[in-house]
$ cat run_34.csv   # CSV, C-alpha atoms
chain,number,residue,atom,x,y,z
A,1,MET,CA,64.6,-24.4,-28.0
A,2,GLY,CA,63.4,-27.9,-27.6
A,3,GLY,CA,60.9,-26.9,-24.9
A,4,VAL,CA,59.5,-24.2,-27.1
A,5,LEU,CA,59.0,-26.4,-30.0
A,6,LEU,CA,57.4,-29.1,-27.9
A,7,LEU,CA,54.9,-26.6,-26.6
A,8,GLY,CA,54.0,-25.5,-30.1
A,9,SER,CA,53.5,-29.1,-31.1
A,10,ALA,CA,51.1,-29.7,-28.2
A,11,CYS,CA,48.9,-26.7,-29.1
A,12,SER,CA,48.8,-27.3,-32.9
A,13,SER,CA,45.8,-28.6,-34.8
A,14,SER,CA,45.3,-32.4,-34.9
A,15,GLY,CA,44.2,-32.3,-38.5
A,16,SER,CA,45.6,-34.3,-41.4
A,17,GLY,CA,49.2,-33.0,-41.0
A,18,SER,CA,51.5,-35.3,-39.0
A,19,THR,CA,53.0,-34.2,-35.7
A,20,ASP,CA,55.3,-37.2,-35.4
A,21,GLY,CA,58.9,-35.8,-35.3
A,22,GLY,CA,57.6,-32.5,-36.5
A,23,SER,CA,60.2,-30.5,-34.7
A,24,GLY,CA,63.1,-32.5,-36.1
A,25,GLY,CA,61.8,-32.4,-39.7
A,26,GLY,CA,61.4,-28.7,-39.5
A,27,ALA,CA,64.9,-28.2,-38.2
A,28,GLN,CA,66.2,-30.4,-41.0
A,29,GLY,CA,64.6,-28.2,-43.6
A,30,GLY,CA,62.9,-31.0,-45.5
A,31,GLY,CA,59.4,-30.5,-44.2
A,32,SER,CA,57.0,-27.6,-43.4
A,33,THR,CA,55.3,-26.4,-40.2
A,34,THR,CA,51.6,-25.4,-40.3
A,35,ALA,CA,50.6,-22.6,-37.8
A,36,ALA,CA,47.4,-23.2,-35.7
A,37,ALA,CA,44.3,-21.3,-37.0
A,38,PRO,CA,43.3,-18.6,-34.5
A,39,ALA,CA,40.2,-19.5,-32.5
A,40,LYS,CA,37.1,-17.7,-33.6
A,41,VAL,CA,35.7,-15.2,-31.1
A,42,SER,CA,32.1,-14.0,-30.9
A,43,THR,CA,31.5,-10.5,-32.0
A,44,ALA,CA,28.7,-10.1,-29.5
A,45,GLN,CA,29.7,-7.5,-26.9
A,46,LEU,CA,27.9,-7.8,-23.5
A,47,THR,CA,27.5,-4.8,-21.2
A,48,VAL,CA,26.3,-5.3,-17.6
A,49,THR,CA,25.3,-2.2,-15.7
A,50,PRO,CA,26.6,-1.8,-12.9
A,51,LYS,CA,30.1,-2.9,-13.5
A,52,ASP,CA,31.6,-5.9,-11.7
A,53,GLY,CA,32.3,-5.2,-8.1
A,54,SER,CA,30.2,-2.1,-7.8
A,55,THR,CA,28.7,-1.1,-4.5
A,56,ASP,CA,26.0,1.2,-3.4
A,57,VAL,CA,23.9,0.4,-6.5
A,58,ALA,CA,20.4,1.7,-6.6
A,59,PRO,CA,17.8,-1.1,-6.6
A,60,ASN,CA,16.6,0.0,-10.1
A,61,GLY,CA,20.2,0.2,-11.5
A,62,LEU,CA,20.5,-3.2,-13.1
A,63,GLN,CA,20.5,-3.7,-16.9
A,64,VAL,CA,22.1,-6.1,-19.3
A,65,ALA,CA,22.7,-5.1,-23.0
A,66,VAL,CA,24.4,-6.5,-26.0
A,67,ALA,CA,25.8,-5.1,-29.2
A,68,SER,CA,26.5,-7.1,-32.4
A,69,GLY,CA,24.4,-10.0,-31.1
A,70,LYS,CA,21.3,-11.1,-29.3
A,71,LEU,CA,20.9,-12.1,-25.7
A,72,VAL,CA,20.0,-15.8,-25.2
A,73,ASN,CA,20.0,-16.1,-21.4
A,74,VAL,CA,20.3,-13.9,-18.3
A,75,GLU,CA,20.4,-15.2,-14.8
A,76,VAL,CA,20.5,-12.9,-11.8
A,77,THR,CA,20.5,-14.3,-8.2
A,78,ASP,CA,21.0,-12.9,-4.8
A,79,LYS,CA,23.5,-14.1,-2.2
A,80,ASN,CA,20.9,-16.7,-1.1
A,81,GLY,CA,20.5,-18.1,-4.6
A,82,LYS,CA,17.0,-16.6,-5.0
A,83,ALA,CA,16.4,-15.8,-8.7
A,84,VAL,CA,15.4,-12.3,-9.8
A,85,ALA,CA,12.6,-12.3,-12.4
A,86,GLY,CA,13.3,-10.4,-15.6
A,87,ALA,CA,12.7,-10.4,-19.3
A,88,ILE,CA,14.7,-10.1,-22.5
A,89,ALA,CA,13.4,-7.4,-24.8
A,90,ALA,CA,11.6,-8.4,-28.0
A,91,ASP,CA,14.6,-7.3,-30.1
A,92,GLY,CA,17.0,-9.4,-28.0
A,93,LEU,CA,19.2,-6.4,-27.2
A,94,SER,CA,18.6,-5.8,-23.5
A,95,TRP,CA,17.3,-7.4,-20.3
A,96,LYS,CA,15.8,-5.7,-17.3
A,97,PRO,CA,14.4,-7.1,-14.0
A,98,THR,CA,10.7,-7.1,-13.6
A,99,GLU,CA,10.9,-6.8,-9.9
A,100,THR,CA,12.7,-4.3,-7.7
A,101,LEU,CA,16.0,-5.5,-6.2
A,102,ALA,CA,16.5,-5.6,-2.5
A,103,VAL,CA,18.6,-3.0,-0.7
A,104,GLY,CA,21.8,-4.1,1.0
A,105,MET,CA,22.1,-7.3,-1.1
A,106,VAL,CA,24.8,-8.9,-3.1
A,107,TYR,CA,23.7,-10.0,-6.6
A,108,LYS,CA,25.4,-12.2,-9.2
A,109,VAL,CA,24.7,-11.7,-13.0
A,110,ASN,CA,25.4,-14.4,-15.5
A,111,ALA,CA,24.6,-13.5,-19.1
A,112,GLN,CA,25.1,-15.1,-22.5
A,113,ALA,CA,24.7,-13.8,-26.0
A,114,LYS,CA,25.3,-15.0,-29.6
A,115,ASP,CA,26.4,-13.2,-32.7
A,116,ASP,CA,25.1,-13.7,-36.2
A,117,ALA,CA,27.5,-16.7,-36.7
A,118,GLY,CA,26.1,-18.4,-33.6
A,119,LEU,CA,29.2,-17.9,-31.6
A,120,GLU,CA,28.5,-17.3,-27.9
A,121,ALA,CA,29.8,-14.6,-25.6
A,122,ALA,CA,29.4,-14.8,-21.8
A,123,SER,CA,29.7,-12.4,-18.8
A,124,THR,CA,29.7,-13.1,-15.0
A,125,SER,CA,29.8,-10.3,-12.5
A,126,THR,CA,28.6,-9.3,-9.0
A,127,PHE,CA,27.5,-6.1,-7.4
A,128,THR,CA,26.0,-4.9,-4.1
A,129,THR,CA,22.9,-2.7,-3.7
A,130,LEU,CA,22.9,0.3,-1.4
A,131,THR,CA,21.9,0.4,2.2
A,132,PRO,CA,19.5,3.4,2.6
A,133,ALA,CA,20.7,6.2,4.8
A,134,LYS,CA,17.2,7.7,4.8
A,135,THR,CA,13.8,6.0,5.1
A,136,ALA,CA,10.2,7.0,5.2
A,137,ALA,CA,8.2,5.4,8.0
A,138,THR,CA,5.0,3.7,6.9
A,139,ASN,CA,1.9,3.3,9.2
A,140,ASP,CA,-1.6,2.3,8.5
A,141,ASN,CA,-4.9,1.9,10.4
A,142,ILE,CA,-5.0,-1.9,10.3
A,143,SER,CA,-4.3,-4.3,13.1
A,144,ASP,CA,-3.0,-7.8,12.2
A,145,ASN,CA,-5.9,-10.2,11.9
A,146,GLY,CA,-8.4,-7.5,12.9
A,147,THR,CA,-12.1,-7.5,11.9
A,148,TYR,CA,-13.6,-4.5,10.3
A,149,GLY,CA,-16.9,-3.2,8.9
A,150,VAL,CA,-17.8,-3.3,5.2
A,151,GLY,CA,-16.9,0.3,4.7
A,152,MET,CA,-13.4,0.0,5.9
A,153,ILE,CA,-10.8,2.2,4.1
A,154,VAL,CA,-7.2,1.4,4.6
A,155,SER,CA,-5.3,4.6,5.2
A,156,VAL,CA,-1.5,4.6,4.9
A,157,ALA,CA,0.5,7.5,6.3
A,158,PHE,CA,4.1,8.3,5.5
A,159,SER,CA,6.5,10.2,7.7
A,160,LYS,CA,8.1,12.0,4.7
A,161,PRO,CA,6.6,13.5,1.5
A,162,ILE,CA,6.4,11.0,-1.3
A,163,LYS,CA,7.7,12.0,-4.7
A,164,ASN,CA,7.5,8.6,-6.6
A,165,LYS,CA,3.8,8.0,-5.9
A,166,GLU,CA,3.4,5.5,-8.7
A,167,ALA,CA,6.2,3.3,-7.4
A,168,VAL,CA,4.8,3.4,-3.9
A,169,THR,CA,1.3,2.6,-5.0
A,170,GLN,CA,2.7,-0.4,-6.9
A,171,GLY,CA,4.6,-1.5,-3.8
A,172,ILE,CA,1.3,-1.9,-1.8
A,173,THR,CA,-1.0,-4.6,-3.1
A,174,PHE,CA,-4.1,-6.2,-1.8
A,175,GLU,CA,-5.2,-9.9,-2.0
A,176,ALA,CA,-8.9,-10.5,-1.3
A,177,SER,CA,-10.4,-14.0,-0.9
A,178,ASP,CA,-13.2,-13.1,-3.3
A,179,GLY,CA,-11.0,-11.4,-5.9
A,180,THR,CA,-12.1,-7.9,-5.0
A,181,THR,CA,-10.2,-5.2,-6.8
A,182,VAL,CA,-8.7,-2.5,-4.5
A,183,LYS,CA,-7.3,0.8,-5.7
A,184,GLY,CA,-5.3,3.6,-4.0
A,185,HIS,CA,-6.0,7.3,-4.0
A,186,TRP,CA,-3.5,10.0,-2.8
A,187,PHE,CA,-4.5,12.8,-0.5
A,188,GLY,CA,-1.5,15.1,-0.7
A,189,THR,CA,2.0,13.6,-0.5
A,190,GLN,CA,1.9,11.7,2.7
A,191,ARG,CA,-1.4,9.9,2.7
A,192,LEU,CA,-2.6,7.0,0.5
A,193,ASP,CA,-6.0,5.5,1.0
A,194,PHE,CA,-7.2,2.2,-0.4
A,195,ARG,CA,-10.8,0.8,-1.0
A,196,PRO,CA,-12.8,-1.3,-3.4
A,197,ALA,CA,-15.4,0.1,-5.9
A,198,GLU,CA,-18.2,-0.9,-3.5
A,199,TYR,CA,-18.5,-1.9,0.1
A,200,TRP,CA,-16.6,-5.1,1.0
A,201,LYS,CA,-18.5,-8.3,1.1
A,202,PRO,CA,-19.0,-9.7,4.6
A,203,GLY,CA,-16.5,-12.5,5.5
A,204,THR,CA,-13.9,-11.4,2.9
A,205,LYS,CA,-10.3,-12.3,3.9
A,206,VAL,CA,-7.9,-9.6,2.9
A,207,THR,CA,-4.1,-9.5,3.0
A,208,ILE,CA,-2.1,-6.3,2.4
A,209,HIS,CA,1.3,-7.0,0.8
A,210,TYR,CA,3.8,-4.2,1.6
A,211,ARG,CA,7.0,-4.3,-0.5
A,212,LEU,CA,8.5,-0.9,0.0
A,213,LYS,CA,12.0,-1.4,1.5
A,214,SER,CA,13.6,-1.3,-1.9
A,215,VAL,CA,11.4,1.4,-3.3
A,216,GLU,CA,12.9,4.9,-3.7
A,217,VAL,CA,9.9,6.9,-2.4
A,218,ALA,CA,11.7,10.2,-2.9
A,219,PRO,CA,15.3,11.2,-4.0
A,220,GLY,CA,17.6,9.3,-1.7
A,221,VAL,CA,14.7,8.2,0.6
A,222,TYR,CA,13.5,4.6,0.6
A,223,GLY,CA,10.5,2.7,2.1
A,224,ASP,CA,10.9,1.0,5.4
A,225,VAL,CA,8.7,-2.1,5.3
A,226,ASP,CA,8.2,-5.4,3.6
A,227,LYS,CA,5.4,-7.4,5.3
A,228,ASP,CA,2.1,-9.0,4.9
A,229,GLU,CA,-0.9,-7.8,7.0
A,230,PRO,CA,-4.1,-9.8,7.1
A,231,PHE,CA,-7.5,-8.7,8.2
A,232,THR,CA,-11.2,-9.8,7.8
A,233,ILE,CA,-14.4,-8.1,6.9
A,234,GLY,CA,-17.1,-8.7,9.5
A,235,ARG,CA,-20.9,-8.6,9.2
A,236,TYR,CA,-22.8,-6.0,7.3
A,237,GLN,CA,-24.0,-2.8,9.0
A,238,VAL,CA,-24.8,0.5,7.4
A,239,SER,CA,-26.5,3.4,9.3
A,240,THR,CA,-28.2,6.4,7.8
A,241,ALA,CA,-28.8,9.4,10.1
A,242,ASP,CA,-31.5,11.8,8.8
A,243,ALA,CA,-31.0,15.2,10.2
A,244,ALA,CA,-34.5,16.3,9.0
A,245,SER,CA,-36.4,13.5,10.7
A,246,HIS,CA,-34.1,13.1,13.7
A,247,GLN,CA,-33.9,9.4,13.2
A,248,MET,CA,-31.2,6.9,12.3
A,249,SER,CA,-31.9,3.7,10.4
A,250,VAL,CA,-29.5,0.9,11.0
A,251,LYS,CA,-29.5,-1.8,8.3
A,252,LYS,CA,-28.0,-5.1,9.2
A,253,GLY,CA,-26.8,-8.1,7.3
A,254,ASP,CA,-29.7,-10.3,8.4
A,255,GLY,CA,-32.1,-8.0,6.6
A,256,SER,CA,-33.4,-6.2,9.6
A,257,THR,CA,-33.5,-2.4,10.1
A,258,GLN,CA,-33.4,-0.7,13.5
A,259,THR,CA,-34.6,2.9,13.9
A,260,ILE,CA,-32.9,5.0,16.6
A,261,PRO,CA,-34.0,8.5,17.7
A,262,ILE,CA,-31.1,11.0,17.4
A,263,THR,CA,-30.2,14.6,17.5
A,264,ALA,CA,-27.8,16.1,14.9
A,265,GLY,CA,-25.9,19.4,14.5
A,266,ASN,CA,-28.0,22.5,15.1
A,267,ASP,CA,-28.5,25.3,12.5
A,268,ASP,CA,-25.4,27.1,13.6
A,269,ASN,CA,-23.2,24.0,13.7
A,270,PRO,CA,-24.8,21.6,11.2
A,271,SER,CA,-23.5,18.1,10.7
A,272,TRP,CA,-21.6,17.2,7.6
A,273,ASN,CA,-23.6,15.5,4.9
A,274,GLY,CA,-22.1,12.4,3.2
A,275,THR,CA,-20.8,8.9,3.8
A,276,MET,CA,-18.5,8.5,6.7
A,277,VAL,CA,-16.8,5.5,8.4
A,278,VAL,CA,-16.2,4.7,12.0
A,279,SER,CA,-12.5,5.1,12.5
A,280,SER,CA,-12.2,4.6,16.3
A,281,LYS,CA,-14.2,3.7,19.3
A,282,GLU,CA,-13.9,5.0,22.9
A,283,LYS,CA,-16.0,3.9,25.8
A,284,VAL,CA,-15.6,7.4,27.3
A,285,THR,CA,-13.9,10.4,25.8
A,286,ARG,CA,-13.6,14.1,26.4
A,287,MET,CA,-15.0,16.6,23.9
A,288,ASN,CA,-13.8,20.2,24.0
A,289,SER,CA,-14.8,23.0,21.7
A,290,ALA,CA,-11.3,24.3,21.9
A,291,THR,CA,-10.2,21.3,19.7
A,292,VAL,CA,-12.8,21.9,17.0
A,293,ALA,CA,-12.5,24.7,14.5
A,294,ASN,CA,-15.3,27.2,13.6
A,295,VAL,CA,-17.7,26.3,16.5
A,296,VAL,CA,-20.5,28.9,16.7
A,297,GLY,CA,-22.1,29.7,20.0
A,298,GLY,CA,-21.0,29.0,23.6
A,299,GLU,CA,-17.9,26.9,24.3
A,300,TYR,CA,-18.3,23.4,25.7
A,301,ASP,CA,-16.1,20.9,27.5
A,302,VAL,CA,-17.7,17.5,28.4
A,303,PRO,CA,-15.1,15.3,30.1
A,304,ASP,CA,-17.1,12.1,30.0
A,305,VAL,CA,-18.9,11.7,26.7
A,306,PRO,CA,-19.9,8.0,26.6
A,307,HIS,CA,-19.9,5.4,23.8
A,308,ALA,CA,-18.1,7.6,21.3
A,309,MET,CA,-17.2,6.6,17.7
A,310,ARG,CA,-15.2,9.0,15.6
A,311,LEU,CA,-16.4,9.7,12.0
A,312,THR,CA,-14.1,12.6,11.0
A,313,ASN,CA,-10.8,14.2,11.8
A,314,SER,CA,-12.6,17.5,12.4
A,315,GLY,CA,-14.5,16.2,15.4
A,316,THR,CA,-17.7,14.5,14.2
A,317,TYR,CA,-18.7,11.5,16.3
A,318,VAL,CA,-21.7,9.2,16.8
A,319,HIS,CA,-21.9,9.1,20.6
A,320,GLY,CA,-24.1,8.6,23.7
A,321,ASN,CA,-25.7,11.7,25.3
A,322,TYR,CA,-26.9,12.0,28.9
A,323,TRP,CA,-27.5,15.7,29.1
A,324,SER,CA,-30.1,16.2,26.3
A,325,SER,CA,-33.7,15.2,25.6
A,326,ALA,CA,-33.8,16.3,22.0
A,327,PHE,CA,-33.6,12.8,20.5
A,328,GLY,CA,-36.2,12.4,17.7
A,329,LYS,CA,-37.3,15.9,18.2
A,330,SER,CA,-34.7,18.5,17.1
A,331,ASN,CA,-31.1,19.1,16.3
A,332,ALA,CA,-29.2,20.3,19.3
A,333,SER,CA,-25.6,19.2,18.9
A,334,HIS,CA,-22.5,21.0,17.6
A,335,GLY,CA,-22.3,18.6,14.6
A,336,CYS,CA,-22.2,15.2,16.2
A,337,ILE,CA,-24.9,12.5,15.9
A,338,SER,CA,-26.0,11.5,19.5
A,339,MET,CA,-28.5,9.2,21.1
A,340,GLN,CA,-29.8,8.4,24.6
A,341,ASP,CA,-27.3,7.2,27.1
A,342,GLY,CA,-26.6,7.4,30.9
A,343,LYS,CA,-23.9,9.3,32.6
A,344,GLY,CA,-20.7,7.3,32.7
A,345,GLY,CA,-22.0,5.1,29.8
A,346,ASP,CA,-25.0,2.8,30.3
A,347,ASP,CA,-24.3,-0.4,28.3
A,348,ALA,CA,-28.0,-1.2,28.3
A,349,SER,CA,-28.9,2.2,26.8
A,350,THR,CA,-29.6,2.8,23.1
A,351,ALA,CA,-26.1,4.3,22.6
A,352,GLY,CA,-24.5,1.5,24.6
A,353,LYS,CA,-26.1,-1.3,22.5
A,354,PHE,CA,-25.3,0.5,19.3
A,355,TRP,CA,-21.7,1.0,20.4
A,356,SER,CA,-21.2,-2.6,21.4
A,357,GLY,CA,-22.7,-3.8,18.1
A,358,SER,CA,-20.5,-1.6,15.9
A,359,LEU,CA,-17.2,-2.2,14.3
A,360,ILE,CA,-14.4,0.1,13.1
A,361,GLY,CA,-15.1,0.3,9.4
A,362,ASP,CA,-18.9,0.5,9.8
A,363,VAL,CA,-20.6,3.0,7.5
A,364,VAL,CA,-22.6,6.0,8.8
A,365,LYS,CA,-24.3,8.3,6.3
A,366,ILE,CA,-25.7,11.7,7.3
A,367,VAL,CA,-28.4,13.1,5.0
A,368,ASN,CA,-30.6,16.2,4.9
A,369,SER,CA,-28.4,18.3,7.1
A,370,LYS,CA,-28.0,22.0,6.5
A,371,GLY,CA,-24.2,21.4,6.5
A,372,LYS,CA,-21.8,21.0,3.6
A,373,GLN,CA,-20.6,17.8,2.0
A,374,VAL,CA,-17.8,16.1,4.0
A,375,SER,CA,-14.4,16.3,2.4
A,376,PRO,CA,-13.2,12.8,1.3
A,377,ASP,CA,-10.0,13.2,3.3
A,378,ASN,CA,-11.8,14.2,6.5
A,379,GLY,CA,-11.6,10.9,8.3
A,380,LEU,CA,-12.2,7.8,6.2
A,381,SER,CA,-14.7,9.6,3.9
A,382,GLY,CA,-13.3,8.4,0.6
A,383,TRP,CA,-16.6,6.8,-0.4
A,384,ASN,CA,-17.7,10.2,-1.4
A,385,VAL,CA,-15.3,10.0,-4.4
A,386,ALA,CA,-16.7,8.3,-7.5
A,387,TRP,CA,-14.8,5.1,-8.4
A,388,GLY,CA,-13.8,6.6,-11.7
A,389,SER,CA,-12.0,9.4,-10.0
A,390,TRP,CA,-10.5,7.3,-7.2
$ encode --input "run_34.csv" --output "structure tokens"
Amino acid sequence: MGGVLLLGSACSSSGSGSTDGGSGGGAQGGGSTTAAAPAKVSTAQLTVTPKDGSTDVAPNGLQVAVASGKLVNVEVTDKNGKAVAGAIAADGLSWKPTETLAVGMVYKVNAQAKDDAGLEAASTSTFTTLTPAKTAATNDNISDNGTYGVGMIVSVAFSKPIKNKEAVTQGITFEASDGTTVKGHWFGTQRLDFRPAEYWKPGTKVTIHYRLKSVEVAPGVYGDVDKDEPFTIGRYQVSTADAASHQMSVKKGDGSTQTIPITAGNDDNPSWNGTMVVSSKEKVTRMNSATVANVVGGEYDVPDVPHAMRLTNSGTYVHGNYWSSAFGKSNASHGCISMQDGKGGDDASTAGKFWSGSLIGDVVKIVNSKGKQVSPDNGLSGWNVAWGSW
């Protein structure tokens, strides 16, 4: 009994009532014992989703909410102490992160709220985000620290169909040294191309920021890459091949223009019209009609086409030609733009010099051909889409 009374005395209020001999006086019946006032508890009720200790949480599954009160502070950190950016709603009733959480990571949530009386409630919890069982591989046409022409279009290919296109587009951002704005355009569900409104300015430094590892690109499928990829825009060069005059003008950044005699696609196999971009370069390549659709006339198989630069996926090249003499006179090819060269590739020839002076990303326009307009997804031909529709 004495122990119980002593505990009650120790926990009682230290107000004006005396505690000296309180237990004895109460037992004697001459005095009164005052019960401690119950502590006031905040009516604010915090709810953190997911619950404490949860695992396999989706990276977009975090939210903090409060009822009968307002949030005053929310701190979320990963296991390394890195803070997660977020914002309390204007009404003070909820908080959400403004960035995607990482997959396979432990997070700690510390939240505080106050009720109308100013009494505070707090909550601390932890959870672990999921480790993806399925991912979509991401590949682009950029080499780290590569140098490209002013027409370069960054084309990103995914190994699986993308359902959450907006989230993926937001997960790939561009930082240009001159502040150039870059936008993405989807061709189907597995290809996303990026370009500015106009050709890049020579010398621009560009960095692609990939942040896709924690992005659910399709139900149950996540991105596979978080990395930064830098590249540079080189000198200016834009070529225009005129199928009617059989000449190609090459405008360079120093203000000069070179004119090169060419031959374009013949009447049965006309070249595409439109703006195209050099997507690859080969010193020597094989060209076979069996790999090209809808070729009219005799089949061909040239095992050693020199100084070849691809313009379209459908088989259009700018290349050297040692078997024809139609340059500047007529259109004799199966759709390609070709110019004088030597067998095996003569570096001192017209084609050899043009090849060595060209970059992947250089622009080649074809005009006045009897062919149709090139499709914007045929090679890097996205410049044929108006910026407002890109």
$ closest_residue --input "run_34.csv" --among "A:Lys160, A:Lys365, A:Lys251, A:Lys96" --to "Leu71 in chain A" --atoms "all atoms listed in the file"
A:Lys96
$ residues_near_point --input "run_34.csv" --point "(-16.6, 11.2, 20.0)" --cutoff "12 Å" --atoms "only C-alpha atoms" --output "MDAnalysis selection string"
chainID A and resid 278:288 291:292 302:321 334:338 355
$ residues_around --input "run_34.csv" --residues "Asn141 in chain A" --least-positions-apart "4" --cutoff "12 Å" --atoms "only C-alpha atoms" --output "PyMOL selection string"
chain A and resi 146-148+152-157+191-194+208+229+231+278-280+360-361+379-380
$ residues_near_point --input "run_34.csv" --point "(-6.7, 2.5, -1.9)" --cutoff "6 Å" --atoms "all atoms listed in the file" --output "list in words"
Val182, Lys183, Gly184, His185, Asp193, Phe194 and Arg195 of chain A
$ closest_atom_pairs --input "run_34.csv" --of "range 364-386 of chain A" --to "range 257-274 of chain A" --cutoff "7 Å" --atoms "only C-alpha atoms" --output "tab-separated table"
residue	atom	partner	partner_atom	distance
A:Lys365	CA	A:Gly274	CA	5.6
A:Ile366	CA	A:Asn273	CA	5.0
A:Val367	CA	A:Asn273	CA	5.4
A:Ser369	CA	A:Asn273	CA	6.0
A:Lys370	CA	A:Pro270	CA	5.7
A:Gly371	CA	A:Pro270	CA	4.7
A:Lys372	CA	A:Trp272	CA	5.5
A:Gln373	CA	A:Asn273	CA	4.8
A:Val374	CA	A:Trp272	CA	5.3
A:Asn384	CA	A:Gly274	CA	6.7
$ residues_around --input "run_34.csv" --residues "Trp200 in chain A" --least-positions-apart "2" --cutoff "9 Å" --atoms "all atoms listed in the file" --output "MDAnalysis selection string"
chainID A and resid 149:152 180 195:198 202:204 233 236
$ residues_around --input "run_34.csv" --residues "Lys213 in chain A" --least-positions-apart "2" --cutoff "6 Å" --atoms "only C-alpha atoms" --output "PyMOL selection string"
chain A and resi 215+223-226
$ atom_distance --input "run_34.csv" --atom1 "CA of Thr98 in chain A" --atom2 "CA of Trp186 in chain A"
24.7 Å
$ residues_around --input "run_34.csv" --residues "Ile172 in chain A" --least-positions-apart "3" --cutoff "9 Å" --atoms "all atoms listed in the file" --output "ChimeraX atom specification"
/A:168-169,184,208-212
$ residues_around --input "run_34.csv" --residues "Asn80 in chain A" --least-positions-apart "6" --cutoff "10 Å" --atoms "all atoms listed in the file" --output "list in words"
Met105, Val106 and Tyr107 of chain A
$ write_last_selection --input "run_34.csv" --atoms "C-alpha atoms" --output "PDB file, in the frame of the given file"
ATOM      1  CA  MET A 105      22.100  -7.300  -1.100  1.00  0.00           C
ATOM      2  CA  VAL A 106      24.800  -8.900  -3.100  1.00  0.00           C
ATOM      3  CA  TYR A 107      23.700 -10.000  -6.600  1.00  0.00           C
TER       4      TYR A 107
END
$ closest_residue --input "run_34.csv" --among "A:Phe158, A:Asn139, A:Ser249, A:Val385" --to "Lys227 in chain A" --atoms "only C-alpha atoms"
A:Asn139
$ closest_residue --input "run_34.csv" --among "A:Ser239, A:Ser245, A:Thr124, A:Thr77" --to "Leu101 in chain A" --atoms "all atoms listed in the file"
A:Thr77
$ atom_distance --input "run_34.csv" --atom1 "CA of Gln247 in chain A" --atom2 "CA of Gly234 in chain A"
25.0 Å
$ atom_distance --input "run_34.csv" --atom1 "CA of Gly253 in chain A" --atom2 "CA of Thr173 in chain A"
28.0 Å
$ closest_residue --input "run_34.csv" --among "A:Val363, A:Ala117, A:Ala65, A:Ala102" --to "Lys252 in chain A" --atoms "all atoms listed in the file"
A:Val363
$ axis_aligned_box --input "run_34.csv" --around "range 54-58 of chain A" --padding-each-side "4 Å" --output "AutoDock Vina command-line options"
--center_x 25.3 --center_y -0.2 --center_z -5.6 --size_x 17.8 --size_y 11.8 --size_z 12.4
$ closest_residue --input "run_34.csv" --among "A:Lys165, A:Thr128, A:Leu46, A:Lys51" --to "Ser94 in chain A" --atoms "all atoms listed in the file"
A:Leu46
$ closest_residue --input "run_34.csv" --among "A:Ser381, A:Gln340, A:Thr275, A:Thr207" --to "Asn145 in chain A" --atoms "all atoms listed in the file"
A:Thr207
$ decode --input "run_34.csv" --residues "range 259-270 of chain A" --atoms "N, CA and C atoms" --output "PDB file, in the first residue's frame"
ATOM      1  N   THR A 259      29.041  22.915-104.315  1.00  0.00           N
ATOM      2  CA  THR A 259      28.077  22.256-105.192  1.00  0.00           C
ATOM      3  C   THR A 259      28.668  20.958-105.722  1.00  0.00           C
ATOM      4  N   ILE A 260      27.912  19.858-105.536  1.00  0.00           N
ATOM      5  CA  ILE A 260      28.402  18.534-105.906  1.00  0.00           C
ATOM      6  C   ILE A 260      27.446  17.900-106.915  1.00  0.00           C
ATOM      7  N   PRO A 261      27.948  17.450-108.071  1.00  0.00           N
ATOM      8  CA  PRO A 261      27.092  16.722-109.014  1.00  0.00           C
ATOM      9  C   PRO A 261      26.656  15.383-108.412  1.00  0.00           C
ATOM     10  N   ILE A 262      25.391  15.046-108.555  1.00  0.00           N
ATOM     11  CA  ILE A 262      24.855  13.818-107.979  1.00  0.00           C
ATOM     12  C   ILE A 262      23.939  13.115-108.971  1.00  0.00           C
ATOM     13  N   THR A 263      23.554  11.907-108.624  1.00  0.00           N
ATOM     14  CA  THR A 263      22.434  11.237-109.272  1.00  0.00           C
ATOM     15  C   THR A 263      21.495  10.760-108.172  1.00  0.00           C
ATOM     16  N   ALA A 264      20.190  10.942-108.389  1.00  0.00           N
ATOM     17  CA  ALA A 264      19.178  10.556-107.396  1.00  0.00           C
ATOM     18  C   ALA A 264      18.384   9.366-107.916  1.00  0.00           C
ATOM     19  N   GLY A 265      17.274   9.044-107.239  1.00  0.00           N
ATOM     20  CA  GLY A 265      16.463   7.898-107.632  1.00  0.00           C
ATOM     21  C   GLY A 265      15.807   8.090-108.990  1.00  0.00           C
ATOM     22  N   ASN A 266      15.769   7.020-109.775  1.00  0.00           N
ATOM     23  CA  ASN A 266      15.174   7.110-111.108  1.00  0.00           C
ATOM     24  C   ASN A 266      13.655   7.185-111.027  1.00  0.00           C
ATOM     25  N   ASP A 267      13.003   7.312-112.169  1.00  0.00           N
ATOM     26  CA  ASP A 267      11.543   7.498-112.178  1.00  0.00           C
ATOM     27  C   ASP A 267      10.799   6.315-111.565  1.00  0.00           C
ATOM     28  N   ASP A 268      11.326   5.123-111.704  1.00  0.00           N
ATOM     29  CA  ASP A 268      10.673   3.942-111.135  1.00  0.00           C
ATOM     30  C   ASP A 268      10.960   3.785-109.643  1.00  0.00           C
ATOM     31  N   ASN A 269      12.073   4.327-109.205  1.00  0.00           N
ATOM     32  CA  ASN A 269      12.480   4.232-107.800  1.00  0.00           C
ATOM     33  C   ASN A 269      12.920   5.606-107.301  1.00  0.00           C
ATOM     34  N   PRO A 270      12.014   6.552-107.263  1.00  0.00           N
ATOM     35  CA  PRO A 270      12.405   7.923-106.910  1.00  0.00           C
ATOM     36  C   PRO A 270      12.840   8.045-105.453  1.00  0.00           C
TER      37      PRO A 270
END
